[in-house]
file data.txt (compact mmCIF, N, CA and C atoms)
# COMPACT_ATOMS: atom_id res chain seq x y z
N MET A 1 10.96 -17.95 -1.42
CA MET A 1 10.13 -17.06 -0.64
C MET A 1 8.67 -17.43 -0.86
N THR A 2 7.89 -17.47 0.22
CA THR A 2 6.48 -17.78 0.08
C THR A 2 5.72 -16.53 -0.31
N ASP A 3 4.60 -16.75 -0.99
CA ASP A 3 3.75 -15.65 -1.41
C ASP A 3 3.13 -15.03 -0.16
N PRO A 4 3.27 -13.71 0.05
CA PRO A 4 2.73 -13.10 1.26
C PRO A 4 1.21 -13.13 1.32
N LEU A 5 0.56 -13.53 0.24
CA LEU A 5 -0.89 -13.57 0.24
C LEU A 5 -1.44 -14.98 0.29
N ASP A 6 -0.58 -16.00 0.52
CA ASP A 6 -1.06 -17.37 0.67
C ASP A 6 -1.95 -17.43 1.90
N ALA A 7 -3.15 -17.89 1.71
CA ALA A 7 -4.10 -18.00 2.81
C ALA A 7 -5.27 -18.86 2.32
N PRO A 8 -6.11 -19.30 3.23
CA PRO A 8 -7.28 -20.04 2.80
C PRO A 8 -8.12 -19.20 1.84
N PRO A 9 -8.83 -19.86 0.93
CA PRO A 9 -9.65 -19.13 -0.03
C PRO A 9 -10.64 -18.20 0.66
N SER A 10 -10.89 -17.07 0.05
CA SER A 10 -11.81 -16.06 0.56
C SER A 10 -12.68 -15.63 -0.62
N PRO A 11 -13.93 -15.25 -0.37
CA PRO A 11 -14.77 -14.81 -1.48
C PRO A 11 -14.26 -13.53 -2.14
N ALA A 12 -13.55 -12.71 -1.40
CA ALA A 12 -13.00 -11.47 -1.94
C ALA A 12 -11.53 -11.69 -2.27
N PRO A 13 -11.02 -11.00 -3.29
CA PRO A 13 -9.59 -11.14 -3.59
C PRO A 13 -8.75 -10.56 -2.46
N PRO A 14 -7.50 -10.96 -2.36
CA PRO A 14 -6.63 -10.38 -1.34
C PRO A 14 -6.57 -8.86 -1.46
N LEU A 15 -6.47 -8.21 -0.33
CA LEU A 15 -6.40 -6.75 -0.25
C LEU A 15 -4.95 -6.34 -0.05
N VAL A 16 -4.44 -5.51 -0.94
CA VAL A 16 -3.09 -4.98 -0.83
C VAL A 16 -3.21 -3.49 -0.55
N ILE A 17 -2.73 -3.08 0.63
CA ILE A 17 -2.80 -1.68 1.04
C ILE A 17 -1.39 -1.12 0.97
N VAL A 18 -1.20 -0.09 0.16
CA VAL A 18 0.12 0.49 -0.05
C VAL A 18 0.21 1.82 0.67
N ASP A 19 1.17 1.94 1.57
CA ASP A 19 1.47 3.18 2.29
C ASP A 19 2.23 4.08 1.31
N GLY A 20 1.48 4.90 0.59
CA GLY A 20 2.05 5.69 -0.49
C GLY A 20 3.23 6.56 -0.08
N ALA A 21 3.10 7.29 1.01
CA ALA A 21 4.17 8.20 1.42
C ALA A 21 5.44 7.42 1.75
N ASN A 22 5.29 6.30 2.40
CA ASN A 22 6.46 5.51 2.79
C ASN A 22 7.13 4.87 1.58
N VAL A 23 6.33 4.33 0.66
CA VAL A 23 6.89 3.68 -0.52
C VAL A 23 7.56 4.71 -1.43
N VAL A 24 6.88 5.83 -1.69
CA VAL A 24 7.46 6.89 -2.52
C VAL A 24 8.74 7.41 -1.88
N GLY A 25 8.73 7.58 -0.57
CA GLY A 25 9.88 8.12 0.14
C GLY A 25 11.05 7.17 0.27
N SER A 26 10.87 5.93 -0.16
CA SER A 26 11.94 4.95 0.00
C SER A 26 13.03 5.08 -1.06
N ARG A 27 12.80 5.89 -2.07
CA ARG A 27 13.79 6.10 -3.14
C ARG A 27 14.07 7.58 -3.31
N PRO A 28 15.32 7.99 -3.25
CA PRO A 28 15.65 9.41 -3.40
C PRO A 28 15.67 9.82 -4.88
N ASP A 29 14.47 9.91 -5.48
CA ASP A 29 14.39 10.21 -6.90
C ASP A 29 13.79 11.60 -7.18
N GLY A 30 13.78 12.46 -6.17
CA GLY A 30 13.24 13.80 -6.34
C GLY A 30 11.76 13.91 -6.03
N TRP A 31 11.19 12.88 -5.40
CA TRP A 31 9.76 12.87 -5.09
C TRP A 31 9.32 14.09 -4.29
N TRP A 32 10.21 14.64 -3.48
CA TRP A 32 9.86 15.77 -2.60
C TRP A 32 9.56 17.05 -3.39
N LYS A 33 9.96 17.10 -4.64
CA LYS A 33 9.68 18.27 -5.48
C LYS A 33 8.23 18.27 -5.98
N ASP A 34 7.64 17.09 -6.07
CA ASP A 34 6.27 16.96 -6.57
C ASP A 34 5.66 15.70 -5.96
N ARG A 35 5.16 15.84 -4.74
CA ARG A 35 4.64 14.68 -4.01
C ARG A 35 3.42 14.07 -4.70
N LYS A 36 2.55 14.91 -5.21
CA LYS A 36 1.37 14.39 -5.90
C LYS A 36 1.79 13.64 -7.17
N GLY A 37 2.71 14.21 -7.93
CA GLY A 37 3.20 13.54 -9.14
C GLY A 37 3.86 12.21 -8.82
N ALA A 38 4.61 12.16 -7.72
CA ALA A 38 5.26 10.91 -7.32
C ALA A 38 4.22 9.86 -6.96
N ALA A 39 3.15 10.28 -6.27
CA ALA A 39 2.08 9.34 -5.93
C ALA A 39 1.36 8.86 -7.19
N GLU A 40 1.19 9.74 -8.16
CA GLU A 40 0.55 9.34 -9.42
C GLU A 40 1.42 8.34 -10.18
N ARG A 41 2.73 8.53 -10.15
CA ARG A 41 3.63 7.56 -10.81
C ARG A 41 3.55 6.19 -10.13
N LEU A 42 3.49 6.19 -8.80
CA LEU A 42 3.35 4.92 -8.07
C LEU A 42 2.01 4.28 -8.41
N ARG A 43 0.95 5.06 -8.42
CA ARG A 43 -0.37 4.54 -8.78
C ARG A 43 -0.34 3.89 -10.17
N ASP A 44 0.26 4.59 -11.13
CA ASP A 44 0.32 4.08 -12.49
C ASP A 44 1.14 2.80 -12.59
N ARG A 45 2.21 2.75 -11.82
CA ARG A 45 3.04 1.53 -11.80
C ARG A 45 2.23 0.36 -11.24
N LEU A 46 1.51 0.61 -10.15
CA LEU A 46 0.68 -0.44 -9.55
C LEU A 46 -0.43 -0.88 -10.51
N ALA A 47 -1.03 0.07 -11.21
CA ALA A 47 -2.10 -0.26 -12.16
C ALA A 47 -1.55 -1.08 -13.32
N GLY A 48 -0.34 -0.79 -13.74
CA GLY A 48 0.25 -1.50 -14.87
C GLY A 48 0.81 -2.85 -14.52
N GLU A 49 1.38 -2.97 -13.32
CA GLU A 49 2.07 -4.21 -12.94
C GLU A 49 1.33 -5.04 -11.91
N GLY A 50 0.36 -4.47 -11.24
CA GLY A 50 -0.31 -5.20 -10.16
C GLY A 50 0.68 -5.46 -9.04
N LEU A 51 0.59 -6.62 -8.45
CA LEU A 51 1.52 -7.01 -7.40
C LEU A 51 2.51 -7.98 -8.01
N PRO A 52 3.74 -7.52 -8.30
CA PRO A 52 4.72 -8.41 -8.93
C PRO A 52 4.88 -9.72 -8.16
N GLY A 53 4.92 -10.81 -8.91
CA GLY A 53 5.09 -12.12 -8.30
C GLY A 53 3.81 -12.77 -7.83
N HIS A 54 2.70 -12.06 -7.95
CA HIS A 54 1.42 -12.63 -7.54
C HIS A 54 0.49 -12.61 -8.74
N PRO A 55 0.28 -13.78 -9.38
CA PRO A 55 -0.47 -13.82 -10.63
C PRO A 55 -1.97 -13.62 -10.48
N GLY A 56 -2.51 -13.89 -9.32
CA GLY A 56 -3.96 -13.83 -9.16
C GLY A 56 -4.48 -12.42 -9.00
N PRO A 57 -5.79 -12.27 -9.03
CA PRO A 57 -6.38 -10.95 -8.84
C PRO A 57 -6.18 -10.48 -7.41
N VAL A 58 -5.94 -9.19 -7.26
CA VAL A 58 -5.82 -8.55 -5.95
C VAL A 58 -6.55 -7.21 -6.03
N GLU A 59 -6.98 -6.73 -4.88
CA GLU A 59 -7.54 -5.39 -4.79
C GLU A 59 -6.44 -4.50 -4.22
N ILE A 60 -6.04 -3.49 -4.97
CA ILE A 60 -4.96 -2.60 -4.52
C ILE A 60 -5.55 -1.27 -4.09
N VAL A 61 -5.17 -0.86 -2.88
CA VAL A 61 -5.57 0.45 -2.36
C VAL A 61 -4.29 1.21 -2.05
N LEU A 62 -4.13 2.36 -2.66
CA LEU A 62 -2.99 3.24 -2.42
C LEU A 62 -3.46 4.35 -1.49
N VAL A 63 -2.85 4.44 -0.31
CA VAL A 63 -3.21 5.48 0.66
C VAL A 63 -2.23 6.64 0.52
N VAL A 64 -2.78 7.83 0.27
CA VAL A 64 -1.96 9.03 0.14
C VAL A 64 -2.35 10.02 1.23
N GLU A 65 -1.45 10.94 1.50
CA GLU A 65 -1.68 11.93 2.55
C GLU A 65 -0.96 13.22 2.20
N GLY A 66 -1.23 14.26 2.97
CA GLY A 66 -0.53 15.53 2.79
C GLY A 66 -0.66 16.09 1.39
N ALA A 67 0.46 16.52 0.83
CA ALA A 67 0.48 17.16 -0.49
C ALA A 67 0.08 16.21 -1.61
N ALA A 68 0.02 14.93 -1.35
CA ALA A 68 -0.38 13.95 -2.38
C ALA A 68 -1.89 13.71 -2.38
N ARG A 69 -2.62 14.33 -1.46
CA ARG A 69 -4.07 14.14 -1.45
C ARG A 69 -4.66 14.60 -2.77
N GLY A 70 -5.71 13.94 -3.18
CA GLY A 70 -6.38 14.32 -4.41
C GLY A 70 -5.97 13.53 -5.63
N VAL A 71 -5.07 12.57 -5.47
CA VAL A 71 -4.70 11.69 -6.58
C VAL A 71 -5.93 10.84 -6.90
N ALA A 72 -6.28 10.76 -8.16
CA ALA A 72 -7.47 10.02 -8.58
C ALA A 72 -7.21 8.52 -8.67
N SER A 73 -8.26 7.76 -8.46
CA SER A 73 -8.20 6.32 -8.68
C SER A 73 -8.18 6.04 -10.18
N VAL A 74 -7.64 4.88 -10.54
CA VAL A 74 -7.63 4.41 -11.92
C VAL A 74 -8.04 2.94 -11.90
N PRO A 75 -8.42 2.38 -13.04
CA PRO A 75 -8.76 0.96 -13.04
C PRO A 75 -7.60 0.13 -12.47
N GLY A 76 -7.90 -0.68 -11.48
CA GLY A 76 -6.89 -1.54 -10.86
C GLY A 76 -6.30 -1.00 -9.59
N VAL A 77 -6.47 0.30 -9.33
CA VAL A 77 -5.93 0.90 -8.10
C VAL A 77 -6.92 1.93 -7.56
N ARG A 78 -7.43 1.64 -6.36
CA ARG A 78 -8.27 2.63 -5.68
C ARG A 78 -7.34 3.50 -4.83
N VAL A 79 -7.45 4.79 -4.99
CA VAL A 79 -6.62 5.72 -4.21
C VAL A 79 -7.50 6.34 -3.14
N GLU A 80 -7.02 6.30 -1.91
CA GLU A 80 -7.74 6.92 -0.80
C GLU A 80 -6.86 7.98 -0.18
N SER A 81 -7.40 9.19 -0.10
CA SER A 81 -6.71 10.29 0.57
C SER A 81 -7.04 10.21 2.05
N ALA A 82 -6.02 10.03 2.86
CA ALA A 82 -6.23 9.93 4.30
C ALA A 82 -6.70 11.28 4.83
N PRO A 83 -7.76 11.30 5.62
CA PRO A 83 -8.24 12.57 6.16
C PRO A 83 -7.29 13.16 7.20
N GLY A 84 -6.46 12.33 7.78
CA GLY A 84 -5.47 12.76 8.77
C GLY A 84 -4.19 11.99 8.52
N SER A 85 -3.80 11.18 9.47
CA SER A 85 -2.60 10.37 9.36
C SER A 85 -2.79 9.24 8.35
N GLY A 86 -1.85 9.13 7.42
CA GLY A 86 -1.89 8.03 6.47
C GLY A 86 -1.78 6.69 7.17
N ASP A 87 -0.92 6.61 8.19
CA ASP A 87 -0.76 5.35 8.94
C ASP A 87 -2.08 4.94 9.58
N ASP A 88 -2.77 5.90 10.19
CA ASP A 88 -4.05 5.57 10.84
C ASP A 88 -5.05 5.06 9.81
N HIS A 89 -5.05 5.65 8.62
CA HIS A 89 -5.98 5.21 7.58
C HIS A 89 -5.64 3.81 7.10
N VAL A 90 -4.37 3.51 6.96
CA VAL A 90 -3.95 2.16 6.58
C VAL A 90 -4.45 1.15 7.61
N VAL A 91 -4.31 1.47 8.88
CA VAL A 91 -4.76 0.58 9.95
C VAL A 91 -6.28 0.41 9.88
N GLU A 92 -7.02 1.48 9.63
CA GLU A 92 -8.48 1.39 9.51
C GLU A 92 -8.88 0.45 8.37
N LEU A 93 -8.20 0.58 7.24
CA LEU A 93 -8.50 -0.28 6.09
C LEU A 93 -8.20 -1.75 6.41
N ALA A 94 -7.08 -2.00 7.06
CA ALA A 94 -6.73 -3.37 7.42
C ALA A 94 -7.72 -3.95 8.43
N ALA A 95 -8.16 -3.13 9.36
CA ALA A 95 -9.10 -3.57 10.39
C ALA A 95 -10.48 -3.85 9.81
N ALA A 96 -10.84 -3.17 8.73
CA ALA A 96 -12.18 -3.29 8.15
C ALA A 96 -12.37 -4.57 7.33
N SER A 97 -11.31 -5.33 7.10
CA SER A 97 -11.40 -6.53 6.27
C SER A 97 -10.77 -7.74 6.95
N PRO A 98 -11.26 -8.10 8.15
CA PRO A 98 -10.60 -9.18 8.89
C PRO A 98 -10.75 -10.56 8.27
N GLY A 99 -11.71 -10.79 7.39
CA GLY A 99 -11.94 -12.12 6.88
C GLY A 99 -11.24 -12.44 5.57
N ARG A 100 -10.36 -11.57 5.15
CA ARG A 100 -9.67 -11.83 3.88
C ARG A 100 -8.18 -11.60 4.03
N PRO A 101 -7.38 -12.19 3.14
CA PRO A 101 -5.94 -11.94 3.22
C PRO A 101 -5.65 -10.46 2.95
N ARG A 102 -4.76 -9.91 3.78
CA ARG A 102 -4.37 -8.50 3.64
C ARG A 102 -2.86 -8.40 3.68
N LEU A 103 -2.33 -7.59 2.78
CA LEU A 103 -0.90 -7.32 2.74
C LEU A 103 -0.73 -5.82 2.78
N VAL A 104 0.05 -5.33 3.74
CA VAL A 104 0.34 -3.91 3.84
C VAL A 104 1.78 -3.70 3.38
N VAL A 105 1.96 -2.81 2.41
CA VAL A 105 3.28 -2.53 1.87
C VAL A 105 3.79 -1.24 2.50
N THR A 106 4.80 -1.38 3.36
CA THR A 106 5.40 -0.24 4.06
C THR A 106 6.71 -0.69 4.69
N ALA A 107 7.57 0.26 4.97
CA ALA A 107 8.79 -0.03 5.73
C ALA A 107 8.69 0.56 7.14
N ASP A 108 7.60 1.23 7.43
CA ASP A 108 7.40 1.89 8.72
C ASP A 108 7.22 0.83 9.81
N ARG A 109 8.15 0.76 10.74
CA ARG A 109 8.13 -0.29 11.77
C ARG A 109 6.89 -0.24 12.65
N GLU A 110 6.51 0.94 13.08
CA GLU A 110 5.34 1.06 13.95
C GLU A 110 4.07 0.66 13.21
N LEU A 111 3.94 1.08 11.95
CA LEU A 111 2.78 0.70 11.16
C LEU A 111 2.76 -0.82 10.94
N ARG A 112 3.91 -1.39 10.69
CA ARG A 112 4.00 -2.85 10.51
C ARG A 112 3.50 -3.55 11.78
N ARG A 113 3.91 -3.07 12.93
CA ARG A 113 3.47 -3.67 14.19
C ARG A 113 1.95 -3.58 14.33
N ARG A 114 1.41 -2.41 14.05
CA ARG A 114 -0.02 -2.19 14.22
C ARG A 114 -0.86 -3.10 13.32
N VAL A 115 -0.46 -3.26 12.07
CA VAL A 115 -1.28 -4.07 11.15
C VAL A 115 -1.08 -5.57 11.37
N THR A 116 0.12 -5.98 11.78
CA THR A 116 0.30 -7.41 12.06
C THR A 116 -0.54 -7.82 13.27
N GLU A 117 -0.75 -6.92 14.21
CA GLU A 117 -1.63 -7.22 15.34
C GLU A 117 -3.06 -7.48 14.87
N LEU A 118 -3.41 -6.96 13.70
CA LEU A 118 -4.74 -7.17 13.13
C LEU A 118 -4.79 -8.41 12.23
N GLY A 119 -3.66 -9.09 12.08
CA GLY A 119 -3.61 -10.28 11.26
C GLY A 119 -3.18 -10.05 9.82
N ALA A 120 -2.81 -8.84 9.49
CA ALA A 120 -2.33 -8.56 8.13
C ALA A 120 -0.86 -8.95 8.02
N ARG A 121 -0.47 -9.26 6.83
CA ARG A 121 0.95 -9.50 6.55
C ARG A 121 1.56 -8.19 6.07
N VAL A 122 2.89 -8.13 6.12
CA VAL A 122 3.57 -6.91 5.69
C VAL A 122 4.70 -7.25 4.73
N ALA A 123 5.00 -6.28 3.90
CA ALA A 123 6.12 -6.40 2.97
C ALA A 123 6.69 -5.01 2.76
N GLY A 124 7.95 -4.95 2.39
CA GLY A 124 8.61 -3.68 2.17
C GLY A 124 8.34 -3.10 0.80
N PRO A 125 8.77 -1.85 0.59
CA PRO A 125 8.55 -1.16 -0.68
C PRO A 125 9.06 -1.91 -1.91
N ARG A 126 10.11 -2.70 -1.75
CA ARG A 126 10.63 -3.45 -2.91
C ARG A 126 9.59 -4.39 -3.51
N THR A 127 8.62 -4.77 -2.71
CA THR A 127 7.55 -5.66 -3.19
C THR A 127 6.84 -5.06 -4.39
N VAL A 128 6.67 -3.74 -4.39
CA VAL A 128 5.98 -3.09 -5.50
C VAL A 128 6.91 -2.29 -6.41
N LEU A 129 8.11 -1.99 -5.92
CA LEU A 129 9.04 -1.20 -6.72
C LEU A 129 10.06 -2.06 -7.47
N GLY A 130 10.19 -3.31 -7.07
CA GLY A 130 11.14 -4.19 -7.72
C GLY A 130 12.55 -4.05 -7.20
call {"tool": "encode", "arguments": {"input": "data.txt", "output": "structure tokens"}}
result
Amino acid sequence: MTDPLDAPPSPAPPLVIVDGANVVGSRPDGWWKDRKGAAERLRDRLAGEGLPGHPGPVEIVLVVEGAARGVASVPGVRVESAPGSGDDHVVELAAASPGRPRLVVTADRELRRRVTELGARVAGPRTVLG
């Protein structure tokens, strides 16, 4: 499998945008009982492991929405609370960085279509969950 972030060199590290609600919701582990706690666990996993299989530096942005809003950023993971739709915020972030490699982590088909139209690559939740 090729690295989803292989691209010509860029002055900024690759941007990894994680659709928090979609990734958390991909595993039936009781996340619905505490959505904010589930988002914090995902954030902590990302901060501890980075992007598995990618040894270089990356900028990780975790997008949260709804009951998960208010999760704090930690070193290695910037958390952004979407003011409305999480999907729309993911698209805005991908659109704002056209000159660098971007990877959006989600299983949402419509979101995948929208960000690939912007030149971003996509990967499923297993990319960060193992």
call {"tool": "closest_residue", "arguments": {"input": "data.txt", "among": "A:Ala82, A:Val18, A:Ala120, A:Val24", "to": "Arg100 (chain A)", "atoms": "all atoms listed in the file"}}
result
A:Ala120
call {"tool": "select_by_dssp", "arguments": {"input": "data.txt", "residues": "region 51-121 of chain A", "states": "alpha helix (DSSP H)", "output": "number ranges by chain"}}
result
A: 86-95, 109-116
call {"tool": "closest_residue", "arguments": {"input": "data.txt", "among": "A:Pro83, A:Ala38, A:Val91, A:Pro125", "to": "Leu111 (chain A)", "atoms": "only N, CA and C atoms"}}
result
A:Val91
call {"tool": "select_by_dssp", "arguments": {"input": "data.txt", "residues": "chain A", "states": "strand (DSSP E)", "output": "count of residues only"}}
result
23
call {"tool": "atom_distance", "arguments": {"input": "data.txt", "atom1": "atom N of Asp19 (chain A)", "atom2": "atom C of His89 (chain A)"}}
result
9.0 Å
call {"tool": "decode", "arguments": {"input": "data.txt", "residues": "region 18-66 of chain A", "atoms": "C-alpha atoms", "output": "mmCIF file, in the first residue's frame"}}
result
data_model
loop_
_atom_site.group_PDB
_atom_site.id
_atom_site.type_symbol
_atom_site.label_atom_id
_atom_site.label_comp_id
_atom_site.auth_asym_id
_atom_site.auth_seq_id
_atom_site.Cartn_x
_atom_site.Cartn_y
_atom_site.Cartn_z
ATOM 1 C CA VAL A 18 -9.926 13.593 11.189
ATOM 2 C CA ASP A 19 -13.735 13.511 11.043
ATOM 3 C CA GLY A 20 -14.137 12.860 14.762
ATOM 4 C CA ALA A 21 -17.815 11.909 14.791
ATOM 5 C CA ASN A 22 -17.400 9.473 11.924
ATOM 6 C CA VAL A 23 -14.244 7.834 13.287
ATOM 7 C CA VAL A 24 -15.610 7.544 16.842
ATOM 8 C CA GLY A 25 -18.893 6.195 15.480
ATOM 9 C CA SER A 26 -17.158 3.491 13.470
ATOM 10 C CA ARG A 27 -16.766 1.247 16.532
ATOM 11 C CA PRO A 28 -19.664 0.188 18.767
ATOM 12 C CA ASP A 29 -17.770 0.705 22.027
ATOM 13 C CA GLY A 30 -20.356 2.749 23.936
ATOM 14 C CA TRP A 31 -19.255 6.119 22.529
ATOM 15 C CA TRP A 32 -22.891 7.293 22.461
ATOM 16 C CA LYS A 33 -22.967 7.339 26.278
ATOM 17 C CA ASP A 34 -20.233 9.983 26.428
ATOM 18 C CA ARG A 35 -19.524 11.621 23.078
ATOM 19 C CA LYS A 36 -17.108 14.179 24.493
ATOM 20 C CA GLY A 37 -15.176 11.465 26.363
ATOM 21 C CA ALA A 38 -15.003 9.363 23.199
ATOM 22 C CA ALA A 39 -13.618 12.343 21.265
ATOM 23 C CA GLU A 40 -11.047 12.930 24.020
ATOM 24 C CA ARG A 41 -9.941 9.288 23.815
ATOM 25 C CA LEU A 42 -9.522 9.610 20.041
ATOM 26 C CA ARG A 43 -7.588 12.858 20.503
ATOM 27 C CA ASP A 44 -5.287 11.198 23.037
ATOM 28 C CA ARG A 45 -4.722 8.220 20.754
ATOM 29 C CA LEU A 46 -3.822 10.540 17.880
ATOM 30 C CA ALA A 47 -1.493 12.559 20.120
ATOM 31 C CA GLY A 48 0.244 9.403 21.315
ATOM 32 C CA GLU A 49 0.494 7.535 18.016
ATOM 33 C CA GLY A 50 0.365 10.230 15.351
ATOM 34 C CA LEU A 51 -0.539 8.769 11.993
ATOM 35 C CA PRO A 52 0.332 5.055 12.140
ATOM 36 C CA GLY A 53 2.568 4.007 9.271
ATOM 37 C CA HIS A 54 3.711 7.543 8.525
ATOM 38 C CA PRO A 55 7.040 8.288 10.223
ATOM 39 C CA GLY A 56 7.335 11.934 9.237
ATOM 40 C CA PRO A 57 5.833 14.956 10.944
ATOM 41 C CA VAL A 58 2.176 15.688 10.226
ATOM 42 C CA GLU A 59 -0.267 18.316 11.424
ATOM 43 C CA ILE A 60 -3.327 16.583 12.879
ATOM 44 C CA VAL A 61 -6.644 18.384 13.189
ATOM 45 C CA LEU A 62 -9.524 16.584 14.903
ATOM 46 C CA VAL A 63 -12.910 18.056 13.972
ATOM 47 C CA VAL A 64 -15.629 17.562 16.583
ATOM 48 C CA GLU A 65 -19.284 18.552 16.561
ATOM 49 C CA GLY A 66 -22.456 18.349 18.624
#
